[in-house]
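Student: Here's a structure for you.
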Amino acid sequence: MKVITRKYKLEKWKAIITNQMASGLTVAEYCRQEDLPISTFFYWKRTIRQELIAQMDTQVSKPAIVEVPLTVSETPLEEAPPIEQNKLTLKWASVTLEVYPDTPQKLLRETLQSLQEVFPCS
């Protein structure tokens, strides 16, 4: 029974945190408006972040093969834009993220976590 309750609370607080981020209000303003204890808000935000990190760590440790569709450009070579070397472009919902070899892992992980909070996967 505790597992179901915790899962329910996690989903509830994910929705609350997502709503706060979308509201444009600061955490303090949002909590005041919704009559939520700010300490509880930050407790669940930290708890959800830790859970996402744990999920990412288990997913990262498992090798995966991902099919990448290839497209052929109709643009002739002489008109093609210059190729930027050593850059990975990630697209997530309406966000495009460029990752370079010197991008700190911690920054990338936190950025991806934030994106997942804003644009959760189905």
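For the structure tokens, the naming scheme is as follows: chains receive sequential letters (A, B, ...) according to their order of presentation, residues are indexed from 1 within each chain, and ligands are indexed from 1 in presentation order.
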Give me, as a PyMOL selection string, all polymer residues having an atom no more than 10 Å from Trp13 in chain A, counting only C-alpha atoms and skipping those fewer than 3 positions away in the same chain.

Tutor: chain A and resi 7-10+16-19+40-41+43-45+47-48

Student: For those residues, write N, CA and C atoms to a file as an mmCIF file, in the first residue's frame.

Tutor:
```
data_model
loop_
_atom_site.group_PDB
_atom_site.id
_atom_site.type_symbol
_atom_site.label_atom_id
_atom_site.label_comp_id
_atom_site.auth_asym_id
_atom_site.auth_seq_id
_atom_site.Cartn_x
_atom_site.Cartn_y
_atom_site.Cartn_z
ATOM 1 N N LYS A 7 3.763 6.523 -5.055
ATOM 2 C CA LYS A 7 3.654 6.763 -6.500
ATOM 3 C C LYS A 7 2.621 7.854 -6.777
ATOM 4 N N TYR A 8 1.512 7.810 -6.053
ATOM 5 C CA TYR A 8 0.476 8.834 -6.209
ATOM 6 C C TYR A 8 1.029 10.208 -5.839
ATOM 7 N N LYS A 9 1.741 10.279 -4.711
ATOM 8 C CA LYS A 9 2.296 11.554 -4.270
ATOM 9 C C LYS A 9 3.333 12.079 -5.262
ATOM 10 N N LEU A 10 4.175 11.193 -5.787
ATOM 11 C CA LEU A 10 5.168 11.613 -6.778
ATOM 12 C C LEU A 10 4.488 12.213 -8.006
ATOM 13 N N ILE A 16 2.318 19.454 -9.768
ATOM 14 C CA ILE A 16 2.400 20.742 -9.068
ATOM 15 C C ILE A 16 3.649 21.507 -9.504
ATOM 16 N N ILE A 17 4.786 20.814 -9.549
ATOM 17 C CA ILE A 17 6.051 21.459 -9.924
ATOM 18 C C ILE A 17 6.001 21.914 -11.380
ATOM 19 N N THR A 18 5.437 21.091 -12.257
ATOM 20 C CA THR A 18 5.291 21.466 -13.659
ATOM 21 C C THR A 18 4.393 22.692 -13.786
ATOM 22 N N ASN A 19 3.294 22.718 -13.036
ATOM 23 C CA ASN A 19 2.389 23.870 -13.068
ATOM 24 C C ASN A 19 3.079 25.140 -12.584
ATOM 25 N N THR A 40 7.772 21.989 1.790
ATOM 26 C CA THR A 40 7.240 20.754 1.202
ATOM 27 C C THR A 40 7.450 20.756 -0.301
ATOM 28 N N PHE A 41 7.257 21.907 -0.933
ATOM 29 C CA PHE A 41 7.486 22.031 -2.373
ATOM 30 C C PHE A 41 8.926 21.636 -2.713
ATOM 31 N N TYR A 43 11.045 19.932 -0.865
ATOM 32 C CA TYR A 43 11.289 18.534 -0.509
ATOM 33 C C TYR A 43 10.921 17.637 -1.695
ATOM 34 N N TRP A 44 9.719 17.841 -2.261
ATOM 35 C CA TRP A 44 9.280 16.983 -3.368
ATOM 36 C C TRP A 44 10.051 17.256 -4.642
ATOM 37 N N LYS A 45 10.453 18.494 -4.858
ATOM 38 C CA LYS A 45 11.259 18.799 -6.046
ATOM 39 C C LYS A 45 12.593 18.059 -5.965
ATOM 40 N N THR A 47 13.206 15.343 -4.134
ATOM 41 C CA THR A 47 12.916 13.911 -4.184
ATOM 42 C C THR A 47 12.704 13.449 -5.632
ATOM 43 N N ILE A 48 11.950 14.213 -6.389
ATOM 44 C CA ILE A 48 11.683 13.865 -7.793
ATOM 45 C C ILE A 48 12.969 13.940 -8.603
#
```

Student: Any idea what the distance is between CA of Val99 in chain A and CA of Met21 in chain A?

Tutor: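 Computed distance, CA of Val99 in chain A to CA of Met21 in chain A, equals 23.9 Å.
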
Student: Go through A:Val3, A:Leu70, A:Leu88, A:Ile53 and flag the residue nearest Arg109 in chain A, using only C-alpha atoms for the distances.

Tutor: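 That would be A:Ile53, the residue with the smallest distance to Arg109 in chain A.
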
Student: Report, in Å to a single decimal, how far apart CA of Gln55 in chain A and CA of Pro37 in chain A are.

Tutor: 27.3 Å

Student: Restricting the calculation to only C-alpha atoms, which member of A:Lys2, A:Lys87, A:Arg49, A:Arg32 is positioned closest to Gln116 in chain A?

Tutor: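 Once distances to Gln116 in chain A are computed over only C-alpha atoms, the minimum belongs to A:Arg49.
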
Student: Between CA of Glu34 in chain A and CA of Ala54 in chain A, what is the spacing in Å?

Tutor: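 Rounded to one decimal, the two atoms are 29.5 Å apart.
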
Student: Which of range 8-70 of chain A counts as alpha helix (DSSP H) under DSSP, as an NGL selection string please?

Tutor: :A and (8-23 or 27-34 or 38-61)

Student: Output the selection as a short mmCIF file (atom, residue, chain, number, x, y, z; two decimals), in the first residue's frame - N, CA and C atoms for each residue.

Tutor:
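Okay, result35.cif is ready:
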```cif
data_model
loop_
_atom_site.label_atom_id
_atom_site.label_comp_id
_atom_site.auth_asym_id
_atom_site.auth_seq_id
_atom_site.Cartn_x
_atom_site.Cartn_y
_atom_site.Cartn_z
N TYR A 8 1.51 7.81 -6.05
CA TYR A 8 0.48 8.83 -6.21
C TYR A 8 1.03 10.21 -5.84
N LYS A 9 1.74 10.28 -4.71
CA LYS A 9 2.30 11.55 -4.27
C LYS A 9 3.33 12.08 -5.26
N LEU A 10 4.18 11.19 -5.79
CA LEU A 10 5.17 11.61 -6.78
C LEU A 10 4.49 12.21 -8.01
N GLU A 11 3.46 11.55 -8.51
CA GLU A 11 2.74 12.06 -9.68
C GLU A 11 2.06 13.38 -9.37
N LYS A 12 1.47 13.49 -8.20
CA LYS A 12 0.79 14.72 -7.78
C LYS A 12 1.79 15.87 -7.73
N TRP A 13 2.95 15.63 -7.12
CA TRP A 13 3.93 16.70 -6.98
C TRP A 13 4.64 17.01 -8.29
N LYS A 14 4.78 16.02 -9.17
CA LYS A 14 5.33 16.32 -10.50
C LYS A 14 4.42 17.31 -11.20
N ALA A 15 3.11 17.10 -11.09
CA ALA A 15 2.14 18.00 -11.72
C ALA A 15 2.21 19.39 -11.08
N ILE A 16 2.32 19.45 -9.77
CA ILE A 16 2.40 20.74 -9.07
C ILE A 16 3.65 21.51 -9.50
N ILE A 17 4.79 20.81 -9.55
CA ILE A 17 6.05 21.46 -9.92
C ILE A 17 6.00 21.91 -11.38
N THR A 18 5.44 21.09 -12.26
CA THR A 18 5.29 21.47 -13.66
C THR A 18 4.39 22.69 -13.79
N ASN A 19 3.29 22.72 -13.04
CA ASN A 19 2.39 23.87 -13.07
C ASN A 19 3.08 25.14 -12.58
N GLN A 20 3.90 25.02 -11.53
CA GLN A 20 4.62 26.19 -11.03
C GLN A 20 5.56 26.72 -12.09
N MET A 21 6.29 25.83 -12.75
CA MET A 21 7.24 26.25 -13.78
C MET A 21 6.53 26.93 -14.94
N ALA A 22 5.37 26.41 -15.31
CA ALA A 22 4.61 26.97 -16.43
C ALA A 22 3.90 28.27 -16.05
N SER A 23 3.68 28.49 -14.76
CA SER A 23 2.91 29.66 -14.30
C SER A 23 3.66 30.98 -14.47
N VAL A 27 8.67 30.36 -7.00
CA VAL A 27 8.19 29.28 -6.13
C VAL A 27 7.43 29.86 -4.94
N ALA A 28 7.98 30.92 -4.35
CA ALA A 28 7.33 31.54 -3.19
C ALA A 28 5.94 32.07 -3.55
N GLU A 29 5.83 32.76 -4.69
CA GLU A 29 4.53 33.29 -5.11
C GLU A 29 3.54 32.16 -5.38
N TYR A 30 4.02 31.14 -6.08
CA TYR A 30 3.14 30.01 -6.42
C TYR A 30 2.66 29.30 -5.16
N CYS A 31 3.57 29.04 -4.23
CA CYS A 31 3.20 28.34 -2.99
C CYS A 31 2.21 29.18 -2.18
N ARG A 32 2.43 30.48 -2.15
CA ARG A 32 1.51 31.36 -1.42
C ARG A 32 0.12 31.30 -2.08
N GLN A 33 0.09 31.37 -3.41
CA GLN A 33 -1.17 31.35 -4.15
C GLN A 33 -1.92 30.03 -3.97
N GLU A 34 -1.17 28.92 -3.95
CA GLU A 34 -1.79 27.59 -3.85
C GLU A 34 -1.88 27.09 -2.41
N ILE A 38 6.28 26.03 1.41
CA ILE A 38 7.42 26.11 0.50
C ILE A 38 8.44 25.00 0.78
N SER A 39 8.59 24.63 2.05
CA SER A 39 9.54 23.56 2.40
C SER A 39 9.08 22.22 1.81
N THR A 40 7.77 21.99 1.79
CA THR A 40 7.24 20.75 1.20
C THR A 40 7.45 20.76 -0.30
N PHE A 41 7.26 21.91 -0.93
CA PHE A 41 7.49 22.03 -2.37
C PHE A 41 8.93 21.64 -2.71
N PHE A 42 9.89 22.22 -1.99
CA PHE A 42 11.29 21.92 -2.27
C PHE A 42 11.66 20.48 -1.89
N TYR A 43 11.05 19.93 -0.86
CA TYR A 43 11.29 18.53 -0.51
C TYR A 43 10.92 17.64 -1.69
N TRP A 44 9.72 17.84 -2.26
CA TRP A 44 9.28 16.98 -3.37
C TRP A 44 10.05 17.26 -4.64
N LYS A 45 10.45 18.49 -4.86
CA LYS A 45 11.26 18.80 -6.05
C LYS A 45 12.59 18.06 -5.97
N ARG A 46 13.22 18.09 -4.78
CA ARG A 46 14.49 17.38 -4.58
C ARG A 46 14.28 15.87 -4.71
N THR A 47 13.21 15.34 -4.13
CA THR A 47 12.92 13.91 -4.18
C THR A 47 12.70 13.45 -5.63
N ILE A 48 11.95 14.21 -6.39
CA ILE A 48 11.68 13.86 -7.79
C ILE A 48 12.97 13.94 -8.60
N ARG A 49 13.79 14.97 -8.36
CA ARG A 49 15.06 15.09 -9.08
C ARG A 49 15.96 13.89 -8.80
N GLN A 50 16.03 13.47 -7.52
CA GLN A 50 16.86 12.32 -7.16
C GLN A 50 16.35 11.04 -7.83
N GLU A 51 15.03 10.90 -7.91
CA GLU A 51 14.46 9.73 -8.57
C GLU A 51 14.80 9.73 -10.06
N LEU A 52 14.72 10.90 -10.70
CA LEU A 52 15.05 10.99 -12.11
C LEU A 52 16.53 10.68 -12.36
N ILE A 53 17.39 11.15 -11.47
CA ILE A 53 18.83 10.86 -11.59
C ILE A 53 19.06 9.36 -11.48
N ALA A 54 18.39 8.72 -10.52
CA ALA A 54 18.54 7.27 -10.35
C ALA A 54 18.05 6.53 -11.59
N GLN A 55 16.94 6.97 -12.16
CA GLN A 55 16.43 6.35 -13.39
C GLN A 55 17.42 6.53 -14.53
N MET A 56 17.98 7.75 -14.64
CA MET A 56 18.94 8.01 -15.72
C MET A 56 20.19 7.16 -15.54
N ASP A 57 20.65 7.02 -14.30
CA ASP A 57 21.84 6.22 -14.05
C ASP A 57 21.63 4.77 -14.46
N THR A 58 20.45 4.21 -14.19
CA THR A 58 20.20 2.82 -14.57
C THR A 58 20.04 2.71 -16.09
N GLN A 59 19.47 3.73 -16.70
CA GLN A 59 19.30 3.70 -18.16
C GLN A 59 20.63 3.90 -18.87
N VAL A 60 21.49 4.76 -18.30
CA VAL A 60 22.79 5.02 -18.92
C VAL A 60 23.69 3.80 -18.84
N SER A 61 23.57 3.03 -17.77
CA SER A 61 24.45 1.88 -17.61
C SER A 61 24.09 0.73 -18.55
#
```
